[in-house]
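What follows is the content of final-v2.cif (mmCIF, N, CA and C atoms).
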```cif
data_data
loop_
_atom_site.label_atom_id
_atom_site.label_comp_id
_atom_site.auth_asym_id
_atom_site.auth_seq_id
_atom_site.Cartn_x
_atom_site.Cartn_y
_atom_site.Cartn_z
N MET A 41 -9.72 -16.98 -28.58
CA MET A 41 -11.08 -17.27 -28.21
C MET A 41 -11.30 -16.90 -26.74
N LEU A 42 -12.38 -16.26 -26.45
CA LEU A 42 -12.74 -15.95 -25.08
C LEU A 42 -13.69 -17.00 -24.58
N ARG A 43 -13.44 -17.51 -23.44
CA ARG A 43 -14.33 -18.49 -22.82
C ARG A 43 -14.77 -17.94 -21.47
N CYS A 44 -16.04 -18.05 -21.20
CA CYS A 44 -16.57 -17.56 -19.94
C CYS A 44 -16.74 -18.72 -18.98
N ARG A 45 -16.27 -18.55 -17.81
CA ARG A 45 -16.42 -19.55 -16.75
C ARG A 45 -16.73 -18.82 -15.46
N SER A 46 -17.42 -19.48 -14.61
CA SER A 46 -17.64 -18.90 -13.29
C SER A 46 -17.64 -20.01 -12.26
N CYS A 47 -17.30 -19.66 -11.08
CA CYS A 47 -17.36 -20.61 -9.98
C CYS A 47 -17.53 -19.82 -8.69
N ARG A 48 -17.98 -20.49 -7.68
CA ARG A 48 -18.10 -19.86 -6.37
C ARG A 48 -16.88 -20.26 -5.57
N TYR A 49 -16.18 -19.30 -5.09
CA TYR A 49 -14.98 -19.55 -4.31
C TYR A 49 -15.10 -18.83 -2.98
N ARG A 50 -14.85 -19.54 -1.93
CA ARG A 50 -14.86 -18.92 -0.60
C ARG A 50 -13.46 -18.43 -0.30
N GLY A 51 -13.35 -17.16 -0.08
CA GLY A 51 -12.05 -16.56 0.16
C GLY A 51 -11.45 -16.84 1.51
N ASN A 52 -12.04 -17.76 2.28
CA ASN A 52 -11.50 -18.03 3.61
C ASN A 52 -10.51 -19.18 3.60
N THR A 53 -10.05 -19.59 2.43
CA THR A 53 -9.09 -20.67 2.33
C THR A 53 -7.74 -20.11 1.90
N GLY A 54 -6.74 -20.95 1.93
CA GLY A 54 -5.40 -20.51 1.58
C GLY A 54 -5.06 -20.73 0.11
N PRO A 55 -3.82 -20.41 -0.27
CA PRO A 55 -3.38 -20.53 -1.65
C PRO A 55 -3.49 -21.94 -2.22
N GLU A 56 -3.26 -22.96 -1.40
CA GLU A 56 -3.34 -24.34 -1.91
C GLU A 56 -4.76 -24.68 -2.32
N GLU A 57 -5.74 -24.32 -1.49
CA GLU A 57 -7.13 -24.57 -1.81
C GLU A 57 -7.57 -23.73 -3.00
N ALA A 58 -7.10 -22.50 -3.07
CA ALA A 58 -7.44 -21.63 -4.20
C ALA A 58 -6.95 -22.25 -5.50
N ALA A 59 -5.75 -22.79 -5.49
CA ALA A 59 -5.21 -23.41 -6.70
C ALA A 59 -6.07 -24.59 -7.14
N LEU A 60 -6.56 -25.37 -6.18
CA LEU A 60 -7.42 -26.52 -6.52
C LEU A 60 -8.73 -26.07 -7.16
N VAL A 61 -9.28 -24.98 -6.69
CA VAL A 61 -10.54 -24.47 -7.24
C VAL A 61 -10.31 -23.82 -8.60
N LEU A 62 -9.23 -23.07 -8.75
CA LEU A 62 -9.00 -22.28 -9.95
C LEU A 62 -8.34 -23.05 -11.09
N GLU A 63 -7.58 -24.08 -10.78
CA GLU A 63 -6.85 -24.79 -11.83
C GLU A 63 -7.74 -25.36 -12.94
N PRO A 64 -8.87 -26.01 -12.62
CA PRO A 64 -9.72 -26.52 -13.70
C PRO A 64 -10.28 -25.44 -14.62
N LEU A 65 -10.26 -24.20 -14.17
CA LEU A 65 -10.75 -23.09 -14.98
C LEU A 65 -9.67 -22.51 -15.89
N ALA A 66 -8.46 -23.07 -15.83
CA ALA A 66 -7.32 -22.63 -16.65
C ALA A 66 -7.08 -21.12 -16.52
N VAL A 67 -7.11 -20.63 -15.30
CA VAL A 67 -7.00 -19.19 -15.07
C VAL A 67 -5.65 -18.61 -15.48
N ARG A 68 -4.63 -19.40 -15.47
CA ARG A 68 -3.31 -18.86 -15.84
C ARG A 68 -3.24 -18.46 -17.31
N GLN A 69 -4.14 -18.99 -18.11
CA GLN A 69 -4.18 -18.64 -19.53
C GLN A 69 -5.16 -17.50 -19.83
N LYS A 70 -5.90 -17.05 -18.84
CA LYS A 70 -6.89 -16.00 -19.05
C LYS A 70 -6.24 -14.63 -18.97
N GLU A 71 -6.70 -13.73 -19.81
CA GLU A 71 -6.20 -12.37 -19.77
C GLU A 71 -6.79 -11.62 -18.57
N LEU A 72 -8.08 -11.80 -18.32
CA LEU A 72 -8.75 -11.15 -17.21
C LEU A 72 -9.47 -12.18 -16.37
N VAL A 73 -9.35 -12.05 -15.06
CA VAL A 73 -10.12 -12.87 -14.13
C VAL A 73 -10.73 -11.90 -13.12
N MET A 74 -12.05 -12.00 -12.94
CA MET A 74 -12.74 -11.08 -12.05
C MET A 74 -13.43 -11.83 -10.93
N PHE A 75 -13.33 -11.27 -9.74
CA PHE A 75 -13.95 -11.84 -8.55
C PHE A 75 -14.87 -10.80 -7.92
N ALA A 76 -16.12 -11.15 -7.69
CA ALA A 76 -16.99 -10.32 -6.86
C ALA A 76 -16.62 -10.66 -5.42
N VAL A 77 -16.30 -9.65 -4.64
CA VAL A 77 -15.80 -9.84 -3.29
C VAL A 77 -16.83 -9.31 -2.28
N ASN A 78 -17.16 -10.13 -1.31
CA ASN A 78 -18.07 -9.72 -0.24
C ASN A 78 -17.26 -9.56 1.04
N ASP A 79 -17.62 -8.60 1.87
CA ASP A 79 -16.86 -8.33 3.09
C ASP A 79 -17.28 -9.20 4.28
N ASN A 80 -18.02 -10.26 4.01
CA ASN A 80 -18.46 -11.17 5.07
C ASN A 80 -17.25 -11.84 5.72
N THR A 81 -17.13 -11.72 7.02
CA THR A 81 -16.01 -12.35 7.73
C THR A 81 -16.35 -13.75 8.21
N ASP A 82 -17.63 -14.12 8.18
CA ASP A 82 -18.07 -15.46 8.60
C ASP A 82 -18.79 -16.11 7.43
N VAL A 83 -18.05 -16.89 6.63
CA VAL A 83 -18.64 -17.48 5.42
C VAL A 83 -19.69 -18.53 5.72
N GLU A 84 -19.79 -18.96 6.97
CA GLU A 84 -20.83 -19.93 7.34
C GLU A 84 -22.17 -19.25 7.60
N ALA A 85 -22.16 -17.93 7.81
CA ALA A 85 -23.38 -17.19 8.10
C ALA A 85 -24.08 -16.81 6.80
N ALA A 86 -25.28 -17.35 6.60
CA ALA A 86 -26.06 -17.01 5.42
C ALA A 86 -26.40 -15.53 5.42
N GLY A 87 -26.25 -14.91 4.28
CA GLY A 87 -26.59 -13.50 4.17
C GLY A 87 -25.63 -12.57 4.88
N GLY A 88 -24.47 -13.07 5.25
CA GLY A 88 -23.50 -12.23 5.94
C GLY A 88 -22.88 -11.22 5.00
N GLY A 89 -22.19 -10.28 5.57
CA GLY A 89 -21.53 -9.25 4.79
C GLY A 89 -22.49 -8.14 4.44
N SER A 90 -21.92 -6.99 4.15
CA SER A 90 -22.77 -5.84 3.85
C SER A 90 -22.34 -5.07 2.61
N HIS A 91 -21.25 -5.52 1.95
CA HIS A 91 -20.74 -4.73 0.83
C HIS A 91 -20.05 -5.63 -0.19
N TRP A 92 -20.27 -5.31 -1.48
CA TRP A 92 -19.64 -6.03 -2.59
C TRP A 92 -18.68 -5.12 -3.33
N THR A 93 -17.53 -5.67 -3.72
CA THR A 93 -16.54 -4.95 -4.52
C THR A 93 -16.05 -5.88 -5.62
N LEU A 94 -15.14 -5.41 -6.45
CA LEU A 94 -14.62 -6.20 -7.55
C LEU A 94 -13.10 -6.28 -7.47
N LEU A 95 -12.57 -7.51 -7.60
CA LEU A 95 -11.13 -7.73 -7.68
C LEU A 95 -10.84 -8.23 -9.09
N LEU A 96 -9.98 -7.53 -9.81
CA LEU A 96 -9.63 -7.87 -11.18
C LEU A 96 -8.17 -8.29 -11.25
N TYR A 97 -7.91 -9.42 -11.92
CA TYR A 97 -6.53 -9.81 -12.24
C TYR A 97 -6.34 -9.59 -13.73
N SER A 98 -5.30 -8.88 -14.11
CA SER A 98 -4.94 -8.66 -15.50
C SER A 98 -3.57 -9.27 -15.75
N ARG A 99 -3.55 -10.29 -16.61
CA ARG A 99 -2.29 -10.97 -16.90
C ARG A 99 -1.32 -10.03 -17.61
N SER A 100 -1.80 -9.29 -18.63
CA SER A 100 -0.88 -8.43 -19.39
C SER A 100 -0.34 -7.28 -18.55
N ALA A 101 -1.14 -6.78 -17.61
CA ALA A 101 -0.68 -5.69 -16.74
C ALA A 101 0.08 -6.21 -15.52
N SER A 102 0.08 -7.53 -15.31
CA SER A 102 0.73 -8.14 -14.16
C SER A 102 0.31 -7.46 -12.86
N SER A 103 -1.01 -7.32 -12.70
CA SER A 103 -1.50 -6.69 -11.49
C SER A 103 -2.90 -7.15 -11.14
N PHE A 104 -3.23 -6.92 -9.89
CA PHE A 104 -4.59 -7.09 -9.39
C PHE A 104 -5.09 -5.69 -9.08
N ARG A 105 -6.34 -5.41 -9.40
CA ARG A 105 -6.94 -4.10 -9.13
C ARG A 105 -8.23 -4.31 -8.37
N HIS A 106 -8.39 -3.55 -7.30
CA HIS A 106 -9.59 -3.64 -6.46
C HIS A 106 -10.43 -2.39 -6.66
N TYR A 107 -11.69 -2.61 -7.08
CA TYR A 107 -12.63 -1.53 -7.34
C TYR A 107 -13.68 -1.53 -6.24
N ASP A 108 -13.82 -0.39 -5.55
CA ASP A 108 -14.74 -0.28 -4.43
C ASP A 108 -15.54 1.00 -4.56
N SER A 109 -16.85 0.88 -4.60
CA SER A 109 -17.72 2.05 -4.77
C SER A 109 -18.01 2.76 -3.46
N GLN A 110 -17.44 2.28 -2.36
CA GLN A 110 -17.65 2.93 -1.07
C GLN A 110 -16.35 3.16 -0.30
N SER A 111 -15.26 2.64 -0.79
CA SER A 111 -13.95 2.82 -0.19
C SER A 111 -13.96 2.63 1.32
N ASN A 112 -14.37 1.43 1.75
CA ASN A 112 -14.35 1.19 3.19
C ASN A 112 -13.30 0.14 3.56
N ARG A 113 -12.89 0.16 4.80
CA ARG A 113 -11.79 -0.69 5.25
C ARG A 113 -12.13 -2.17 5.23
N SER A 114 -13.35 -2.55 5.56
CA SER A 114 -13.68 -3.97 5.60
C SER A 114 -13.64 -4.59 4.21
N SER A 115 -14.05 -3.84 3.20
CA SER A 115 -13.98 -4.38 1.84
C SER A 115 -12.54 -4.44 1.34
N ARG A 116 -11.74 -3.49 1.74
CA ARG A 116 -10.32 -3.52 1.37
C ARG A 116 -9.63 -4.73 2.00
N ALA A 117 -9.98 -5.01 3.25
CA ALA A 117 -9.41 -6.18 3.93
C ALA A 117 -9.86 -7.47 3.26
N ALA A 118 -11.14 -7.55 2.86
CA ALA A 118 -11.65 -8.75 2.20
C ALA A 118 -10.96 -8.96 0.85
N ALA A 119 -10.77 -7.89 0.09
CA ALA A 119 -10.10 -8.00 -1.20
C ALA A 119 -8.63 -8.39 -1.03
N THR A 120 -7.98 -7.84 -0.02
CA THR A 120 -6.58 -8.18 0.25
C THR A 120 -6.45 -9.65 0.64
N LYS A 121 -7.38 -10.14 1.43
CA LYS A 121 -7.38 -11.54 1.83
C LYS A 121 -7.56 -12.45 0.62
N LEU A 122 -8.49 -12.11 -0.26
CA LEU A 122 -8.70 -12.91 -1.47
C LEU A 122 -7.48 -12.83 -2.38
N TYR A 123 -6.91 -11.65 -2.53
CA TYR A 123 -5.68 -11.47 -3.33
C TYR A 123 -4.58 -12.40 -2.83
N ARG A 124 -4.37 -12.44 -1.53
CA ARG A 124 -3.33 -13.31 -0.97
C ARG A 124 -3.60 -14.78 -1.27
N ALA A 125 -4.88 -15.15 -1.27
CA ALA A 125 -5.24 -16.55 -1.52
C ALA A 125 -5.08 -16.93 -2.99
N VAL A 126 -5.39 -16.04 -3.92
CA VAL A 126 -5.40 -16.41 -5.34
C VAL A 126 -4.15 -15.97 -6.10
N HIS A 127 -3.34 -15.12 -5.51
CA HIS A 127 -2.16 -14.58 -6.20
C HIS A 127 -1.29 -15.67 -6.80
N LYS A 128 -0.94 -16.65 -6.01
CA LYS A 128 -0.03 -17.70 -6.48
C LYS A 128 -0.64 -18.50 -7.63
N ALA A 129 -1.92 -18.81 -7.53
CA ALA A 129 -2.59 -19.60 -8.57
C ALA A 129 -2.68 -18.84 -9.89
N LEU A 130 -2.79 -17.53 -9.82
CA LEU A 130 -2.95 -16.73 -11.04
C LEU A 130 -1.63 -16.19 -11.58
N ALA A 131 -0.77 -15.73 -10.72
CA ALA A 131 0.43 -15.01 -11.16
C ALA A 131 1.58 -15.92 -11.56
N ALA A 132 1.55 -17.19 -11.18
CA ALA A 132 2.57 -18.15 -11.59
C ALA A 132 3.99 -17.65 -11.32
N GLY A 133 4.22 -17.14 -10.12
CA GLY A 133 5.56 -16.71 -9.74
C GLY A 133 5.92 -15.29 -10.11
N ARG A 134 5.07 -14.61 -10.87
CA ARG A 134 5.35 -13.21 -11.23
C ARG A 134 4.94 -12.29 -10.10
N ASP A 135 5.59 -11.16 -10.02
CA ASP A 135 5.22 -10.15 -9.03
C ASP A 135 4.02 -9.39 -9.57
N CYS A 136 2.88 -9.57 -8.97
CA CYS A 136 1.64 -8.90 -9.39
C CYS A 136 1.05 -8.16 -8.20
N PRO A 137 1.35 -6.87 -8.08
CA PRO A 137 0.88 -6.13 -6.91
C PRO A 137 -0.63 -5.92 -6.92
N LEU A 138 -1.17 -5.65 -5.74
CA LEU A 138 -2.57 -5.30 -5.58
C LEU A 138 -2.68 -3.78 -5.53
N VAL A 139 -3.49 -3.22 -6.40
CA VAL A 139 -3.72 -1.78 -6.45
C VAL A 139 -5.17 -1.53 -6.07
N HIS A 140 -5.39 -0.71 -5.06
CA HIS A 140 -6.74 -0.30 -4.70
C HIS A 140 -7.06 0.95 -5.51
N VAL A 141 -7.96 0.82 -6.47
CA VAL A 141 -8.28 1.90 -7.40
C VAL A 141 -9.00 3.02 -6.64
N GLU A 142 -8.43 4.19 -6.70
CA GLU A 142 -9.02 5.35 -6.01
C GLU A 142 -10.01 6.10 -6.90
N GLU A 143 -9.71 6.18 -8.19
CA GLU A 143 -10.56 6.91 -9.13
C GLU A 143 -11.69 6.00 -9.60
N MET A 144 -12.79 6.04 -8.88
CA MET A 144 -13.93 5.21 -9.20
C MET A 144 -15.20 5.91 -8.75
N PRO A 145 -16.29 5.80 -9.54
CA PRO A 145 -17.55 6.39 -9.09
C PRO A 145 -17.94 5.84 -7.72
N GLN A 146 -18.43 6.70 -6.85
CA GLN A 146 -18.81 6.31 -5.50
C GLN A 146 -20.33 6.30 -5.36
N GLN A 147 -20.84 5.24 -4.76
CA GLN A 147 -22.28 5.15 -4.56
C GLN A 147 -22.72 6.17 -3.51
N GLN A 148 -23.94 6.61 -3.64
CA GLN A 148 -24.46 7.65 -2.74
C GLN A 148 -25.42 7.09 -1.69
N ASN A 149 -25.51 5.76 -1.61
CA ASN A 149 -26.40 5.13 -0.64
C ASN A 149 -25.73 3.86 -0.12
N GLY A 150 -26.43 3.12 0.69
CA GLY A 150 -25.85 1.92 1.30
C GLY A 150 -26.28 0.62 0.66
N TYR A 151 -26.85 0.67 -0.55
CA TYR A 151 -27.38 -0.57 -1.11
C TYR A 151 -27.09 -0.80 -2.60
N ASP A 152 -26.40 0.07 -3.28
CA ASP A 152 -26.16 -0.10 -4.71
C ASP A 152 -24.80 -0.72 -5.05
N CYS A 153 -24.10 -1.27 -4.07
CA CYS A 153 -22.75 -1.79 -4.33
C CYS A 153 -22.75 -2.89 -5.40
N GLY A 154 -23.73 -3.78 -5.37
CA GLY A 154 -23.79 -4.84 -6.37
C GLY A 154 -23.96 -4.30 -7.78
N VAL A 155 -24.76 -3.25 -7.92
CA VAL A 155 -24.95 -2.60 -9.22
C VAL A 155 -23.62 -2.00 -9.69
N TYR A 156 -22.87 -1.41 -8.78
CA TYR A 156 -21.58 -0.84 -9.15
C TYR A 156 -20.59 -1.93 -9.57
N VAL A 157 -20.61 -3.08 -8.91
CA VAL A 157 -19.74 -4.19 -9.31
C VAL A 157 -20.08 -4.61 -10.74
N LEU A 158 -21.36 -4.72 -11.05
CA LEU A 158 -21.78 -5.10 -12.41
C LEU A 158 -21.40 -4.01 -13.41
N MET A 159 -21.58 -2.76 -13.05
CA MET A 159 -21.25 -1.65 -13.93
C MET A 159 -19.75 -1.61 -14.25
N VAL A 160 -18.91 -1.78 -13.24
CA VAL A 160 -17.46 -1.77 -13.45
C VAL A 160 -17.05 -2.99 -14.28
N THR A 161 -17.63 -4.15 -13.98
CA THR A 161 -17.34 -5.36 -14.75
C THR A 161 -17.68 -5.15 -16.22
N ASP A 162 -18.84 -4.61 -16.49
CA ASP A 162 -19.26 -4.33 -17.87
C ASP A 162 -18.29 -3.38 -18.56
N SER A 163 -17.92 -2.33 -17.85
CA SER A 163 -17.00 -1.35 -18.42
C SER A 163 -15.63 -1.97 -18.72
N LEU A 164 -15.11 -2.76 -17.80
CA LEU A 164 -13.81 -3.39 -18.01
C LEU A 164 -13.86 -4.39 -19.17
N CYS A 165 -14.93 -5.16 -19.26
CA CYS A 165 -15.08 -6.13 -20.36
C CYS A 165 -15.23 -5.42 -21.69
N SER A 166 -16.01 -4.36 -21.72
CA SER A 166 -16.19 -3.61 -22.96
C SER A 166 -14.87 -3.01 -23.43
N SER A 167 -14.13 -2.46 -22.49
CA SER A 167 -12.83 -1.88 -22.82
C SER A 167 -11.87 -2.95 -23.33
N ALA A 168 -11.86 -4.10 -22.67
CA ALA A 168 -10.99 -5.20 -23.11
C ALA A 168 -11.40 -5.70 -24.49
N ALA A 169 -12.70 -5.82 -24.73
CA ALA A 169 -13.17 -6.30 -26.03
C ALA A 169 -12.76 -5.35 -27.15
N ARG A 170 -12.84 -4.04 -26.90
CA ARG A 170 -12.40 -3.06 -27.91
C ARG A 170 -10.91 -3.21 -28.18
N SER A 171 -10.15 -3.36 -27.12
CA SER A 171 -8.70 -3.51 -27.26
C SER A 171 -8.36 -4.79 -28.01
N TRP A 172 -9.04 -5.88 -27.66
CA TRP A 172 -8.74 -7.16 -28.31
C TRP A 172 -9.16 -7.16 -29.77
N SER A 173 -10.24 -6.46 -30.11
CA SER A 173 -10.67 -6.44 -31.51
C SER A 173 -9.63 -5.72 -32.37
N LYS A 174 -8.93 -4.76 -31.78
CA LYS A 174 -7.87 -4.05 -32.51
C LYS A 174 -6.66 -4.94 -32.74
N THR A 175 -6.47 -5.95 -31.89
CA THR A 175 -5.30 -6.81 -32.02
C THR A 175 -5.63 -8.15 -32.66
N GLY A 176 -6.89 -8.33 -33.07
CA GLY A 176 -7.26 -9.55 -33.79
C GLY A 176 -7.70 -10.71 -32.93
N VAL A 177 -7.86 -10.53 -31.63
CA VAL A 177 -8.36 -11.61 -30.78
C VAL A 177 -9.83 -11.80 -31.09
N GLN A 178 -10.24 -13.05 -31.28
CA GLN A 178 -11.63 -13.32 -31.63
C GLN A 178 -12.38 -13.96 -30.49
N ARG A 179 -13.67 -13.68 -30.44
CA ARG A 179 -14.54 -14.30 -29.46
C ARG A 179 -15.04 -15.64 -29.97
N ALA A 180 -15.44 -16.47 -29.05
CA ALA A 180 -16.08 -17.73 -29.44
C ALA A 180 -17.40 -17.40 -30.14
N PRO A 181 -17.83 -18.24 -31.08
CA PRO A 181 -19.09 -17.97 -31.81
C PRO A 181 -20.24 -17.74 -30.84
N GLY A 182 -20.97 -16.64 -31.06
CA GLY A 182 -22.14 -16.33 -30.25
C GLY A 182 -21.81 -15.77 -28.88
N GLN A 183 -20.54 -15.56 -28.59
CA GLN A 183 -20.18 -15.07 -27.25
C GLN A 183 -20.16 -13.56 -27.22
N ASP A 184 -20.71 -13.04 -26.16
CA ASP A 184 -20.81 -11.61 -25.93
C ASP A 184 -19.98 -11.33 -24.68
N CYS A 185 -19.09 -10.38 -24.75
CA CYS A 185 -18.22 -10.11 -23.59
C CYS A 185 -18.99 -9.63 -22.38
N SER A 186 -20.22 -9.19 -22.56
CA SER A 186 -20.99 -8.75 -21.39
C SER A 186 -21.32 -9.90 -20.47
N THR A 187 -21.15 -11.14 -20.92
CA THR A 187 -21.39 -12.29 -20.05
C THR A 187 -20.12 -12.71 -19.33
N GLY A 188 -19.05 -12.01 -19.55
CA GLY A 188 -17.79 -12.29 -18.85
C GLY A 188 -16.64 -12.29 -19.82
N CYS A 189 -15.44 -12.12 -19.29
CA CYS A 189 -14.25 -12.09 -20.15
C CYS A 189 -13.33 -13.21 -19.77
#
```
Do you think you could lay out the structure here as structure tokens?
Amino acid sequence: MLRCRSCRYRGNTGPEEAALVLEPLAVRQKELVMFAVNDNTDVEAAGGGSHWTLLLYSRSASSFRHYDSQSNRSSRAAATKLYRAVHKALAAGRDCPLVHVEEMPQQQNGYDCGVYVLMVTDSLCSSAARSWSKTGVQRAPGQDCSTGC
């Protein structure tokens, strides 16, 4: 059964705080966990940051993958910081490297990053749903993977 959960997590905390936030969501049992990552360095500043990317944890692949439609250093640093904070809570002692995905569509302007995060999320969920349907994994009644995996 696939269950969709979401929460707001501030990536400016350490692994202990991340575990407290993520544990009630039973993330260690999830096949995919996705984080929208903002490059804001001051989480107290409303509207801070200028770019959104996606950090994906895949339990079966034992890896984290960072998708960035603009390939900039500040977003890579933000994703790496979040990876360090959530790695222990998700990986449960396994070695799960962070891969910055190079082969990704690149936005042609300075404002479509959020659309790209949604597009990549949709693509990853659709791909996972096709894979799971081949292996007999079932969705919860009325659940559509486009609302999350």
* To do: On this file, the PyMOL selection byres (((chain A and resi 147 and name CA) around 10) and name CA) gives some set of residues; write that set as number ranges by chain.
  => A: 108-111, 144-146, 148-153, 155-156
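In this structure, atom CA of A:Tyr123 sits 21.1 Å away from atom CA of A:Asp162.
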* Asked: Which neighbours of A:Val126 fall inside 6.5 Å, counting all atoms listed in the file, when residues of the same chain fewer than 6 positions from it are skipped, and could you give them as a PyMOL selection string?
  -> chain A and resi 54-55+58-59
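Taken over the shown file, the PyMOL selection byres (((chain A and resi 99 and name CA) around 9) and name CA) identifies Arg68, Gln69, Lys70, Glu71, Leu72, Val73, Tyr97, Ser98, Ser100, Ala101, Ser102, Ser103, Phe104, Leu130, Ala131 and Cys136 of chain A.
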* **Test item: which residues lie within 7 Å of (-16.1, -6.3, 6.7) counting only C-alpha atoms, as JSON, numbers by chain** => {"A": [79, 80, 81, 89, 114, 115, 118]}
* Mind checking DSSP for stretch 65-165 of chain A and telling me the alpha helix (DSSP H) residues as a PyMOL selection string? -> chain A and resi 113-131+153-165
Mind writing the picked residues with N, CA and C atoms as a short mmCIF file (atom, residue, chain, number, x, y, z; two decimals), in the coordinates of the input?
```cif
data_model
loop_
_atom_site.label_atom_id
_atom_site.label_comp_id
_atom_site.auth_asym_id
_atom_site.auth_seq_id
_atom_site.Cartn_x
_atom_site.Cartn_y
_atom_site.Cartn_z
N ARG A 113 -12.89 0.16 4.80
CA ARG A 113 -11.79 -0.69 5.25
C ARG A 113 -12.13 -2.17 5.23
N SER A 114 -13.35 -2.55 5.56
CA SER A 114 -13.68 -3.97 5.60
C SER A 114 -13.64 -4.59 4.21
N SER A 115 -14.05 -3.84 3.20
CA SER A 115 -13.98 -4.38 1.84
C SER A 115 -12.54 -4.44 1.34
N ARG A 116 -11.74 -3.49 1.74
CA ARG A 116 -10.32 -3.52 1.37
C ARG A 116 -9.63 -4.73 2.00
N ALA A 117 -9.98 -5.01 3.25
CA ALA A 117 -9.41 -6.18 3.93
C ALA A 117 -9.86 -7.47 3.26
N ALA A 118 -11.14 -7.55 2.86
CA ALA A 118 -11.65 -8.75 2.20
C ALA A 118 -10.96 -8.96 0.85
N ALA A 119 -10.77 -7.89 0.09
CA ALA A 119 -10.10 -8.00 -1.20
C ALA A 119 -8.63 -8.39 -1.03
N THR A 120 -7.98 -7.84 -0.02
CA THR A 120 -6.58 -8.18 0.25
C THR A 120 -6.45 -9.65 0.64
N LYS A 121 -7.38 -10.14 1.43
CA LYS A 121 -7.38 -11.54 1.83
C LYS A 121 -7.56 -12.45 0.62
N LEU A 122 -8.49 -12.11 -0.26
CA LEU A 122 -8.70 -12.91 -1.47
C LEU A 122 -7.48 -12.83 -2.38
N TYR A 123 -6.91 -11.65 -2.53
CA TYR A 123 -5.68 -11.47 -3.33
C TYR A 123 -4.58 -12.40 -2.83
N ARG A 124 -4.37 -12.44 -1.53
CA ARG A 124 -3.33 -13.31 -0.97
C ARG A 124 -3.60 -14.78 -1.27
N ALA A 125 -4.88 -15.15 -1.27
CA ALA A 125 -5.24 -16.55 -1.52
C ALA A 125 -5.08 -16.93 -2.99
N VAL A 126 -5.39 -16.04 -3.92
CA VAL A 126 -5.40 -16.41 -5.34
C VAL A 126 -4.15 -15.97 -6.10
N HIS A 127 -3.34 -15.12 -5.51
CA HIS A 127 -2.16 -14.58 -6.20
C HIS A 127 -1.29 -15.67 -6.80
N LYS A 128 -0.94 -16.65 -6.01
CA LYS A 128 -0.03 -17.70 -6.48
C LYS A 128 -0.64 -18.50 -7.63
N ALA A 129 -1.92 -18.81 -7.53
CA ALA A 129 -2.59 -19.60 -8.57
C ALA A 129 -2.68 -18.84 -9.89
N LEU A 130 -2.79 -17.53 -9.82
CA LEU A 130 -2.95 -16.73 -11.04
C LEU A 130 -1.63 -16.19 -11.58
N ALA A 131 -0.77 -15.73 -10.72
CA ALA A 131 0.43 -15.01 -11.16
C ALA A 131 1.58 -15.92 -11.56
N CYS A 153 -24.10 -1.27 -4.07
CA CYS A 153 -22.75 -1.79 -4.33
C CYS A 153 -22.75 -2.89 -5.40
N GLY A 154 -23.73 -3.78 -5.37
CA GLY A 154 -23.79 -4.84 -6.37
C GLY A 154 -23.96 -4.30 -7.78
N VAL A 155 -24.76 -3.25 -7.92
CA VAL A 155 -24.95 -2.60 -9.22
C VAL A 155 -23.62 -2.00 -9.69
N TYR A 156 -22.87 -1.41 -8.78
CA TYR A 156 -21.58 -0.84 -9.15
C TYR A 156 -20.59 -1.93 -9.57
N VAL A 157 -20.61 -3.08 -8.91
CA VAL A 157 -19.74 -4.19 -9.31
C VAL A 157 -20.08 -4.61 -10.74
N LEU A 158 -21.36 -4.72 -11.05
CA LEU A 158 -21.78 -5.10 -12.41
C LEU A 158 -21.40 -4.01 -13.41
N MET A 159 -21.58 -2.76 -13.05
CA MET A 159 -21.25 -1.65 -13.93
C MET A 159 -19.75 -1.61 -14.25
N VAL A 160 -18.91 -1.78 -13.24
CA VAL A 160 -17.46 -1.77 -13.45
C VAL A 160 -17.05 -2.99 -14.28
N THR A 161 -17.63 -4.15 -13.98
CA THR A 161 -17.34 -5.36 -14.75
C THR A 161 -17.68 -5.15 -16.22
N ASP A 162 -18.84 -4.61 -16.49
CA ASP A 162 -19.26 -4.33 -17.87
C ASP A 162 -18.29 -3.38 -18.56
N SER A 163 -17.92 -2.33 -17.85
CA SER A 163 -17.00 -1.35 -18.42
C SER A 163 -15.63 -1.97 -18.72
N LEU A 164 -15.11 -2.76 -17.80
CA LEU A 164 -13.81 -3.39 -18.01
C LEU A 164 -13.86 -4.39 -19.17
N CYS A 165 -14.93 -5.16 -19.26
CA CYS A 165 -15.08 -6.13 -20.36
C CYS A 165 -15.23 -5.42 -21.69
#
```
* For the atom pair atom CA of A:Leu138 and atom CA of A:His106, what is the interatomic distance in Å to one decimal place? -> 7.3 Å
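Atom pair atom CA of A:Ser171 / atom CA of A:Met159 has a distance of 18.4 Å (rounded to one decimal).
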